[in-house]
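J.: See final-v6.txt below, with compact mmCIF, C-alpha atoms and all ligand atoms.
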```
# COMPACT_ATOMS: atom_id res chain seq x y z
CA MET A 1 -12.69 -17.70 -33.01
CA ARG A 2 -11.17 -14.60 -31.44
CA ASP A 3 -7.63 -13.73 -32.52
CA GLU A 4 -4.87 -13.68 -29.87
CA PRO A 5 -4.73 -10.16 -28.37
CA SER A 6 -1.95 -8.03 -29.86
CA VAL A 7 0.95 -7.03 -27.57
CA PRO A 8 -0.36 -3.48 -26.88
CA GLU A 9 -3.77 -5.02 -26.07
CA GLN A 10 -2.15 -7.48 -23.68
CA GLU A 11 -0.22 -4.65 -22.03
CA ARG A 12 -3.39 -2.65 -21.68
CA ALA A 13 -5.28 -5.61 -20.18
CA HIS A 14 -2.47 -6.05 -17.64
CA ARG A 15 -2.48 -2.35 -16.76
CA ASP A 16 -6.26 -2.41 -16.37
CA VAL A 17 -6.20 -5.00 -13.58
CA VAL A 18 -6.74 -2.93 -10.46
CA SER A 19 -6.81 -3.99 -6.82
CA PHE A 20 -10.00 -2.10 -5.96
CA VAL A 21 -13.64 -1.75 -6.98
CA ARG A 22 -15.26 1.65 -6.92
CA ARG A 23 -18.80 1.66 -5.66
CA GLY A 24 -20.87 3.77 -3.31
CA GLU A 25 -18.78 6.84 -4.05
CA ARG A 26 -21.50 9.37 -3.18
CA LEU A 27 -20.73 11.38 -0.08
CA THR A 28 -23.32 11.89 2.63
CA GLN A 29 -23.97 15.54 3.45
CA GLY A 30 -21.77 15.32 6.56
CA ARG A 31 -18.87 13.86 4.60
CA GLN A 32 -19.34 16.36 1.79
CA ASN A 33 -19.14 19.17 4.36
CA ALA A 34 -15.94 17.69 5.80
CA TRP A 35 -14.52 17.44 2.28
CA ASP A 36 -15.42 21.04 1.44
CA ARG A 37 -13.94 22.32 4.70
CA LEU A 38 -10.76 20.28 4.86
CA SER A 39 -9.69 18.95 1.48
CA SER A 40 -7.80 22.08 0.39
CA PHE A 41 -5.34 21.47 3.21
CA TYR A 42 -5.24 17.68 3.45
CA VAL A 43 -5.89 16.35 -0.05
CA ILE A 44 -3.24 16.27 -2.74
CA ASP A 45 -5.37 16.59 -5.84
CA PRO A 46 -3.18 16.66 -8.96
CA PRO A 47 -4.43 16.97 -12.55
CA ARG A 48 -5.67 13.56 -13.69
CA GLY A 49 -4.57 11.35 -16.56
CA GLU A 50 -6.61 8.81 -18.49
CA ARG A 51 -8.66 7.91 -15.38
CA ASP A 52 -9.63 9.84 -12.27
CA THR A 53 -7.44 7.53 -10.15
CA LEU A 54 -4.33 8.31 -12.25
CA PRO A 55 -2.20 11.46 -12.15
CA ALA A 56 -1.53 13.25 -15.41
CA GLU A 57 1.75 12.47 -17.13
CA GLY A 58 4.70 14.23 -15.55
CA VAL A 59 3.03 15.18 -12.22
CA ARG A 60 5.57 14.86 -9.39
CA LEU A 61 5.28 15.10 -5.63
CA ASP A 62 8.19 16.50 -3.62
CA PRO A 63 7.44 15.55 0.01
CA ALA A 64 9.75 18.28 1.38
CA GLU A 65 7.86 20.92 -0.59
CA GLU A 66 4.44 19.46 0.24
CA PHE A 67 5.06 19.29 4.01
CA GLY A 68 7.31 22.34 4.16
CA ARG A 69 10.16 20.39 5.75
CA ARG A 70 12.28 17.26 5.29
CA ALA A 71 11.11 14.52 7.69
CA PRO A 72 10.79 10.71 7.57
CA LEU A 73 7.81 9.80 5.38
CA VAL A 74 5.25 7.14 6.32
CA VAL A 75 2.92 6.01 3.51
CA GLU A 76 -0.20 3.89 4.01
CA VAL A 77 -1.72 2.30 0.91
CA GLY A 78 -5.45 1.63 1.25
CA SER A 79 -5.85 3.77 4.36
CA GLY A 80 -9.64 3.15 4.47
CA THR A 81 -11.29 5.54 6.90
CA GLY A 82 -7.95 6.71 8.28
CA ASP A 83 -7.77 4.95 11.68
CA ASN A 84 -4.05 4.21 11.33
CA ILE A 85 -2.71 7.13 9.37
CA VAL A 86 -4.43 9.74 11.55
CA ALA A 87 -3.36 8.02 14.80
CA ALA A 88 0.22 7.84 13.50
CA ALA A 89 0.27 11.50 12.45
CA LEU A 90 -0.86 12.51 15.94
CA ALA A 91 1.54 10.17 17.74
CA HIS A 92 4.55 11.15 15.60
CA PRO A 93 4.68 14.86 14.89
CA GLU A 94 8.34 14.39 13.89
CA ARG A 95 7.28 12.31 10.83
CA ASP A 96 5.17 13.10 7.78
CA HIS A 97 2.28 10.85 6.76
CA LEU A 98 0.66 10.18 3.41
CA GLY A 99 -2.49 8.05 3.05
CA VAL A 100 -3.38 6.79 -0.43
CA GLU A 101 -6.97 5.66 -0.86
CA VAL A 102 -9.29 5.50 -3.86
CA TYR A 103 -12.48 5.23 -1.77
CA LEU A 104 -13.72 8.81 -1.49
CA PRO A 105 -16.16 8.32 1.44
CA GLY A 106 -13.23 6.76 3.35
CA LEU A 107 -11.08 9.76 2.53
CA ALA A 108 -13.79 12.17 3.64
CA GLN A 109 -14.11 10.25 6.91
CA THR A 110 -10.34 10.44 7.33
CA LEU A 111 -10.55 14.23 7.02
CA SER A 112 -13.22 14.51 9.74
CA ARG A 113 -11.30 12.11 11.95
CA ALA A 114 -8.19 14.29 11.52
CA GLU A 115 -10.15 17.44 12.39
CA ARG A 116 -11.82 15.87 15.45
CA SER A 117 -8.55 14.60 16.80
CA GLY A 118 -6.55 17.83 16.70
CA SER A 119 -5.90 18.65 13.02
CA PRO A 120 -2.39 17.20 12.59
CA GLN A 121 -0.35 19.25 10.12
CA ASN A 122 1.90 16.33 9.14
CA LEU A 123 -0.80 14.44 7.22
CA ARG A 124 -1.83 14.42 3.56
CA MET A 125 -4.20 12.17 1.62
CA MET A 126 -4.15 11.22 -2.03
CA PRO A 127 -7.27 9.90 -3.86
CA LEU A 128 -5.29 7.88 -6.42
CA ASP A 129 -4.39 4.32 -7.36
CA ALA A 130 -1.23 3.83 -5.31
CA GLN A 131 0.26 1.27 -7.67
CA ARG A 132 0.29 3.68 -10.59
CA ALA A 133 0.52 7.03 -8.81
CA LEU A 134 3.30 6.48 -6.28
CA PRO A 135 6.05 5.41 -8.72
CA ALA A 136 5.04 8.15 -11.15
CA MET A 137 5.06 10.87 -8.50
CA LEU A 138 7.54 10.08 -5.73
CA PRO A 139 11.33 9.99 -5.99
CA GLU A 140 13.12 6.69 -5.45
CA GLY A 141 14.14 6.08 -1.85
CA SER A 142 11.70 8.66 -0.48
CA ILE A 143 9.53 6.39 1.74
CA ASP A 144 10.73 5.45 5.24
CA GLU A 145 7.74 3.29 6.26
CA LEU A 146 5.18 1.65 3.99
CA TRP A 147 2.01 0.12 5.43
CA VAL A 148 -0.59 -2.13 3.82
CA TYR A 149 -3.14 -3.25 6.42
CA PHE A 150 -6.05 -5.56 5.64
CA ALA A 151 -5.78 -5.22 1.87
CA ASP A 152 -8.77 -6.67 0.00
CA PRO A 153 -8.14 -10.46 0.05
CA TRP A 154 -9.72 -11.26 -3.36
CA PRO A 155 -10.29 -14.88 -2.23
CA LYS A 156 -11.54 -16.36 -5.53
CA GLN A 157 -8.84 -17.95 -7.65
CA ARG A 158 -9.85 -15.98 -10.74
CA HIS A 159 -9.43 -12.73 -8.78
CA HIS A 160 -6.00 -13.48 -7.31
CA LYS A 161 -4.43 -11.24 -9.97
CA ARG A 162 -6.27 -8.32 -8.35
CA ARG A 163 -4.51 -8.76 -5.02
CA LEU A 164 -2.42 -5.72 -4.22
CA ILE A 165 0.53 -7.78 -3.02
CA ASN A 166 1.60 -9.02 -6.43
CA PRO A 167 4.61 -8.31 -8.67
CA PRO A 168 3.22 -5.16 -10.39
CA PHE A 169 2.66 -3.39 -7.06
CA LEU A 170 5.96 -4.59 -5.60
CA ASP A 171 7.88 -3.56 -8.71
CA ALA A 172 6.22 -0.15 -8.41
CA VAL A 173 6.77 0.57 -4.71
CA LEU A 174 9.92 -1.26 -3.58
CA PRO A 175 12.26 1.17 -5.41
CA LEU A 176 10.58 3.98 -3.47
CA LEU A 177 11.68 2.57 -0.11
CA ALA A 178 14.73 4.16 1.50
CA GLU A 179 17.47 1.82 2.66
CA GLY A 180 16.44 0.43 6.03
CA ALA A 181 12.78 1.42 5.46
CA ALA A 182 10.12 -0.76 7.08
CA PHE A 183 7.36 -2.42 5.06
CA ARG A 184 4.56 -3.54 7.40
CA LEU A 185 1.52 -5.59 6.47
CA ALA A 186 -1.35 -7.31 8.24
CA THR A 187 -4.18 -9.52 7.06
CA ASP A 188 -6.88 -11.66 8.62
CA TRP A 189 -6.97 -14.09 5.66
CA ALA A 190 -4.61 -17.06 6.06
CA GLN A 191 -4.59 -17.72 2.31
CA TYR A 192 -3.58 -14.13 1.61
CA ALA A 193 -0.94 -14.23 4.36
CA HIS A 194 0.51 -17.29 2.65
CA HIS A 195 0.40 -15.54 -0.74
CA MET A 196 2.15 -12.49 0.75
CA ARG A 197 4.97 -14.67 2.08
CA GLN A 198 5.36 -16.28 -1.33
CA GLN A 199 5.54 -12.87 -3.00
CA LEU A 200 7.64 -11.01 -0.44
CA ASP A 201 10.14 -13.55 0.90
CA GLN A 202 11.65 -14.00 -2.55
CA ARG A 203 12.26 -10.29 -3.20
CA PRO A 204 15.99 -9.52 -2.98
CA GLU A 205 15.16 -5.94 -1.90
CA LEU A 206 13.53 -7.17 1.33
CA ALA A 207 14.56 -9.04 4.48
CA LEU A 208 12.22 -10.32 7.17
CA MET A 209 12.50 -8.25 10.35
CA HIS A 210 11.57 -11.19 12.57
CA PRO A 211 12.91 -14.35 10.91
CA ASP A 212 12.24 -16.39 14.07
CA GLY A 213 8.87 -14.80 14.87
CA PRO A 214 6.19 -17.41 15.55
CA ALA A 215 2.89 -17.69 13.67
CA PRO A 216 -0.16 -16.28 15.49
CA GLU A 217 -1.50 -18.60 18.16
CA GLY A 218 -4.98 -20.05 18.18
CA THR A 219 -7.36 -21.79 15.87
CA SER A 220 -8.48 -20.27 12.65
CA SER A 221 -11.90 -20.46 11.04
CA ASP A 222 -10.33 -20.15 7.62
CA PRO A 223 -8.12 -23.05 6.52
CA ILE A 224 -4.39 -22.49 6.96
CA PRO A 225 -2.43 -23.70 3.90
CA PRO A 226 -0.44 -26.83 4.85
CA ASN A 227 2.87 -25.27 3.76
CA MET A 228 2.34 -22.01 5.66
CA PRO A 229 5.72 -20.87 7.09
CA SER A 230 5.82 -21.48 10.86
CA THR A 231 8.24 -18.58 11.51
CA GLY A 232 8.99 -15.17 10.02
CA TRP A 233 5.85 -13.51 11.43
CA ALA A 234 6.00 -10.12 13.13
CA PRO A 235 4.52 -9.24 16.51
CA ARG A 236 1.66 -6.79 16.23
CA PHE A 237 3.23 -3.42 15.39
CA GLU A 238 2.61 -1.19 18.41
CA GLY A 239 1.56 1.69 16.14
CA ARG A 240 -1.12 -0.37 14.36
CA VAL A 241 -4.55 0.48 15.71
CA LYS A 242 -7.52 -1.85 15.38
CA THR A 243 -9.72 -1.11 12.38
CA GLY A 244 -13.20 -2.36 11.51
CA PHE A 245 -11.65 -4.87 9.12
CA GLU A 246 -9.52 -6.38 11.88
CA SER A 247 -12.53 -6.56 14.23
CA LYS A 248 -14.64 -8.26 11.56
CA GLY A 249 -11.91 -10.81 10.88
CA ARG A 250 -11.51 -11.61 14.58
CA ALA A 251 -15.28 -11.86 15.07
CA ALA A 252 -15.39 -14.40 12.21
CA GLY A 253 -12.75 -16.51 14.00
CA ARG A 254 -9.82 -15.64 11.74
CA LEU A 255 -6.28 -15.09 13.03
CA ILE A 256 -4.35 -11.88 12.39
CA TRP A 257 -1.11 -12.32 10.46
CA ASP A 258 1.41 -9.48 10.85
CA LEU A 259 4.48 -9.13 8.67
CA ALA A 260 7.42 -6.72 8.71
CA TYR A 261 10.25 -6.45 6.23
CA THR A 262 13.15 -4.06 5.93
CA ARG A 263 14.54 -2.63 2.69
CA VAL A 264 18.05 -4.00 2.37
CA PRO A 265 20.84 -1.72 1.11
CA ARG A 266 20.97 -1.36 -2.65
CA PRO A 267 23.95 -3.14 -4.24
CA PRO A 268 26.69 -0.65 -5.17
CA ALA A 269 26.53 0.60 -8.77
CA PRO A 270 28.78 -1.59 -10.94
CA ASP A 271 32.26 -0.17 -11.26
CA ARG A 272 32.66 0.48 -15.03
CA ALA A 273 36.46 0.30 -14.89
CA SER A 274 36.44 -3.29 -13.60
CA SER A 275 33.61 -4.60 -15.82
CA PRO A 276 34.59 -7.34 -18.33
CA GLU A 277 33.62 -5.01 -21.22
CA ALA A 278 35.86 -2.20 -19.95
CA GLN A 279 38.76 -4.61 -19.46
CA GLN A 280 38.35 -5.92 -23.00
CA GLU A 281 38.32 -2.35 -24.31
CA ALA A 282 41.54 -1.50 -22.39
C1 LIG A 301 -10.19 -3.85 3.01
S1 LIG A 301 -9.89 -2.16 2.98
C2 LIG A 301 -8.85 -1.89 4.40
C3 LIG A 301 -8.79 -0.46 4.81
C4 LIG A 301 -7.88 -0.14 6.01
N1 LIG A 301 -6.50 -0.48 5.73
C5 LIG A 301 -8.37 -0.84 7.25
O1 LIG A 301 -7.69 -1.72 7.77
O2 LIG A 301 -9.46 -0.44 7.70
C6 LIG A 301 -8.76 -1.99 1.64
C7 LIG A 301 -8.71 -0.57 1.08
O3 LIG A 301 -7.68 -0.48 0.11
C8 LIG A 301 -8.10 0.42 -0.90
N2 LIG A 301 -7.29 0.14 -2.09
C9 LIG A 301 -7.20 -1.04 -2.75
N3 LIG A 301 -6.35 -0.93 -3.77
C10 LIG A 301 -5.87 0.35 -3.76
C11 LIG A 301 -4.95 1.06 -4.58
N4 LIG A 301 -4.35 0.46 -5.61
N5 LIG A 301 -4.70 2.35 -4.29
C12 LIG A 301 -5.31 2.96 -3.25
N6 LIG A 301 -6.19 2.34 -2.43
C13 LIG A 301 -6.47 1.04 -2.69
C14 LIG A 301 -9.58 0.12 -1.07
O4 LIG A 301 -10.27 1.21 -1.63
C15 LIG A 301 -9.99 -0.17 0.39
O5 LIG A 301 -10.49 1.00 1.01
```
Let me see the file written as structure tokens.
T.:
Amino acid sequence: MRDEPSVPEQERAHRDVVSFVRRGERLTQGRQNAWDRLSSFYVIDPPRGERDTLPAEGVRLDPAEEFGRRAPLVVEVGSGTGDNIVAAALAHPERDHLGVEVYLPGLAQTLSRAERSGSPQNLRMMPLDAQRALPAMLPEGSIDELWVYFADPWPKQRHHKRRLINPPFLDAVLPLLAEGAAFRLATDWAQYAHHMRQQLDQRPELALMHPDGPAPEGTSSDPIPPNMPSTGWAPRFEGRVKTGFESKGRAAGRLIWDLAYTRVPRPPAPDRASSPEAQQEA
């Protein structure tokens, strides 16, 4: 019989659960050319740690230094082939945009898309695991909008721990949100939408932006959990462009579930003078 794993082993196993699979990483010649031409400007490529999706210990990212100015920062996790982050960078020159994506062909495609559409200067891409890299690299309160669109649904029960919207990711990224920041999500999987509500509604750092917002209308080819909340859903965010994943979901008869939360103000730091310990000491 195998012994119970030791605590460090358990910690390691937990850390090793990732929300992505890496396959088909080879770049076609066209994508390789785009990478060679454009990555020195667009790609933040820090020294790596124990894996090539992790930054080395102590690597930090100062958005003001990276973009050469201080501007509201929009971050998209799992930006795929860049439909949303490139469109947003073009539509909002007054904001800075950071896409985080581990899928290198998607990143290379994002770079060509950026070049074809006018080479926005307010865009950077990072080929790292967002869950581990963002909290290690970015200062607290530095993100003004966070987007997670059509995250991998990991539908099998035994894979639910790999879903991005789970406590380890939320613990990692919610402290990075500025007060009043928006956290926008969309999925075409009813079960994942339900899971997101269970994970997100209970977080004290977040409040629903549309508490009375109705659920999407229509019939769904994937079963809707019986206790799915009937309100709290967001209208489609006007800045969210349709990606291949959304089109595939619609073509398969699934509904699109949009969510938007806002980062509530942090509670004030406890006043030491009025704490019970301080009063006892006095
Ligand atoms: C289903 S795709 C959706 C892509 C895009 N948002 C869209 O709508 O087209 C999910 C993407 O998230 C990326 N991803 C998953 N976990 C990630 C993580 N921890 N850090 C960075 N990217 C991640 C995957 O590589 C994949 O490209």
J.: As lines of an AutoDock Vina configuration file, please: the centre and edge lengths in Å, to one decimal, of an axis-aligned box enclosing every listed atom of ligand LIG 301 (chain A) with 4 Å added on each side.
T.:
```
center_x = -7.4
center_y = -0.4
center_z = 1.1
size_x = 14.1
size_y = 14.8
size_z = 21.4
```
J.: Would you mind listing what lies within 9 Å of Ala207 (chain A) as a list in words, with only C-alpha atoms counted and same-chain residues fewer than 2 positions away left out?
T.: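 The filter keeps Leu200, Asp201, Arg203, Pro204, Glu205, Met209, His210, Pro211, Ala260, Tyr261, Thr262, Arg263 and Val264 of chain A.
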J.: Create the file for the chosen residues now, containing C-alpha atoms and written as an mmCIF file, in the frame of the given file.
T.:
```cif
data_model
loop_
_atom_site.group_PDB
_atom_site.id
_atom_site.type_symbol
_atom_site.label_atom_id
_atom_site.label_comp_id
_atom_site.auth_asym_id
_atom_site.auth_seq_id
_atom_site.Cartn_x
_atom_site.Cartn_y
_atom_site.Cartn_z
ATOM 1 C CA LEU A 200 7.640 -11.010 -0.440
ATOM 2 C CA ASP A 201 10.140 -13.550 0.900
ATOM 3 C CA ARG A 203 12.260 -10.290 -3.200
ATOM 4 C CA PRO A 204 15.990 -9.520 -2.980
ATOM 5 C CA GLU A 205 15.160 -5.940 -1.900
ATOM 6 C CA MET A 209 12.500 -8.250 10.350
ATOM 7 C CA HIS A 210 11.570 -11.190 12.570
ATOM 8 C CA PRO A 211 12.910 -14.350 10.910
ATOM 9 C CA ALA A 260 7.420 -6.720 8.710
ATOM 10 C CA TYR A 261 10.250 -6.450 6.230
ATOM 11 C CA THR A 262 13.150 -4.060 5.930
ATOM 12 C CA ARG A 263 14.540 -2.630 2.690
ATOM 13 C CA VAL A 264 18.050 -4.000 2.370
#
```
J.: Write as a PDB file with C-alpha atoms, in the frame of the given file the residues around ligand LIG 301 (chain A), taking 8 Å as the cut-off and counting only C-alpha atoms and all ligand atoms.
T.:
```
ATOM      1  CA  VAL A  18      -6.740  -2.930 -10.460  1.00  0.00           C
ATOM      2  CA  SER A  19      -6.810  -3.990  -6.820  1.00  0.00           C
ATOM      3  CA  PHE A  20     -10.000  -2.100  -5.960  1.00  0.00           C
ATOM      4  CA  VAL A  21     -13.640  -1.750  -6.980  1.00  0.00           C
ATOM      5  CA  ARG A  22     -15.260   1.650  -6.920  1.00  0.00           C
ATOM      6  CA  GLU A  76      -0.200   3.890   4.010  1.00  0.00           C
ATOM      7  CA  VAL A  77      -1.720   2.300   0.910  1.00  0.00           C
ATOM      8  CA  GLY A  78      -5.450   1.630   1.250  1.00  0.00           C
ATOM      9  CA  SER A  79      -5.850   3.770   4.360  1.00  0.00           C
ATOM     10  CA  GLY A  80      -9.640   3.150   4.470  1.00  0.00           C
ATOM     11  CA  THR A  81     -11.290   5.540   6.900  1.00  0.00           C
ATOM     12  CA  GLY A  82      -7.950   6.710   8.280  1.00  0.00           C
ATOM     13  CA  ASP A  83      -7.770   4.950  11.680  1.00  0.00           C
ATOM     14  CA  ASN A  84      -4.050   4.210  11.330  1.00  0.00           C
ATOM     15  CA  VAL A 100      -3.380   6.790  -0.430  1.00  0.00           C
ATOM     16  CA  GLU A 101      -6.970   5.660  -0.860  1.00  0.00           C
ATOM     17  CA  VAL A 102      -9.290   5.500  -3.860  1.00  0.00           C
ATOM     18  CA  TYR A 103     -12.480   5.230  -1.770  1.00  0.00           C
ATOM     19  CA  GLY A 106     -13.230   6.760   3.350  1.00  0.00           C
ATOM     20  CA  PRO A 127      -7.270   9.900  -3.860  1.00  0.00           C
ATOM     21  CA  LEU A 128      -5.290   7.880  -6.420  1.00  0.00           C
ATOM     22  CA  ASP A 129      -4.390   4.320  -7.360  1.00  0.00           C
ATOM     23  CA  ALA A 130      -1.230   3.830  -5.310  1.00  0.00           C
ATOM     24  CA  GLN A 131       0.260   1.270  -7.670  1.00  0.00           C
ATOM     25  CA  ARG A 132       0.290   3.680 -10.590  1.00  0.00           C
ATOM     26  CA  VAL A 148      -0.590  -2.130   3.820  1.00  0.00           C
ATOM     27  CA  TYR A 149      -3.140  -3.250   6.420  1.00  0.00           C
ATOM     28  CA  PHE A 150      -6.050  -5.560   5.640  1.00  0.00           C
ATOM     29  CA  ALA A 151      -5.780  -5.220   1.870  1.00  0.00           C
ATOM     30  CA  ASP A 152      -8.770  -6.670   0.000  1.00  0.00           C
ATOM     31  CA  PRO A 153      -8.140 -10.460   0.050  1.00  0.00           C
ATOM     32  CA  LEU A 164      -2.420  -5.720  -4.220  1.00  0.00           C
ATOM     33  CA  LYS A 242      -7.520  -1.850  15.380  1.00  0.00           C
ATOM     34  CA  THR A 243      -9.720  -1.110  12.380  1.00  0.00           C
ATOM     35  CA  GLY A 244     -13.200  -2.360  11.510  1.00  0.00           C
ATOM     36  CA  PHE A 245     -11.650  -4.870   9.120  1.00  0.00           C
ATOM     37  CA  GLU A 246      -9.520  -6.380  11.880  1.00  0.00           C
TER      38      GLU A 246
END
```
J.: What does the distance from CA of Ala87 (chain A) to CA of Pro139 (chain A) come to in Å, to one decimal?
T.: 25.5 Å
J.: Would you mind listing what lies within 8 Å of Gly213 (chain A) as number ranges by chain, with all atoms listed in the file counted and same-chain residues fewer than 6 positions away left out?
T.: A: 231-235
J.: Mind giving me the straight-line distance from CA of Arg197 (chain A) to CA of Phe183 (chain A) in Å, one decimal?
T.: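 Separation between CA of Arg197 (chain A) and CA of Phe183 (chain A): 12.8 Å.
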J.: Hey, can you check how far CA of Ala186 (chain A) sits from CA of Leu259 (chain A)?
T.: 6.1 Å
J.: Closest to Leu61 (chain A) among A:Ala178, A:Ala34, A:Leu138, A:Met125, using all atoms listed in the file?
T.: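 Looking at the shortest contact to Leu61 (chain A), the residue is A:Leu138.
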J.: So, counting all atoms listed in the file, which residue among A:Thr53, A:Arg254, A:Gln198, A:Ala181 is closest to Asn227 (chain A)?
T.: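 Looking at the shortest contact to Asn227 (chain A), the residue is A:Gln198.
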J.: Counting all atoms listed in the file, which residues sit no farther than 10 Å from the position (10.2, 10.6, 8.1) in the file's frame? I'd like them as a VMD selection string.
T.: chain A and resid 63 70 to 75 92 to 97 142 to 145 181
J.: Counting only C-alpha atoms, I want the residues whose atoms come within 12 Å of (-4.7, -9.1, -9.7) in the file frame, returned as a ChimeraX atom specification.
T.: /A:13-21,131,152-169
J.: With distances taken over only C-alpha atoms, which of A:Gly239, A:Val43, A:Pro270, A:Pro225 is nearest to Ala89 (chain A)?
T.: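 Ranked by minimum distance to Ala89 (chain A), first place goes to A:Gly239.
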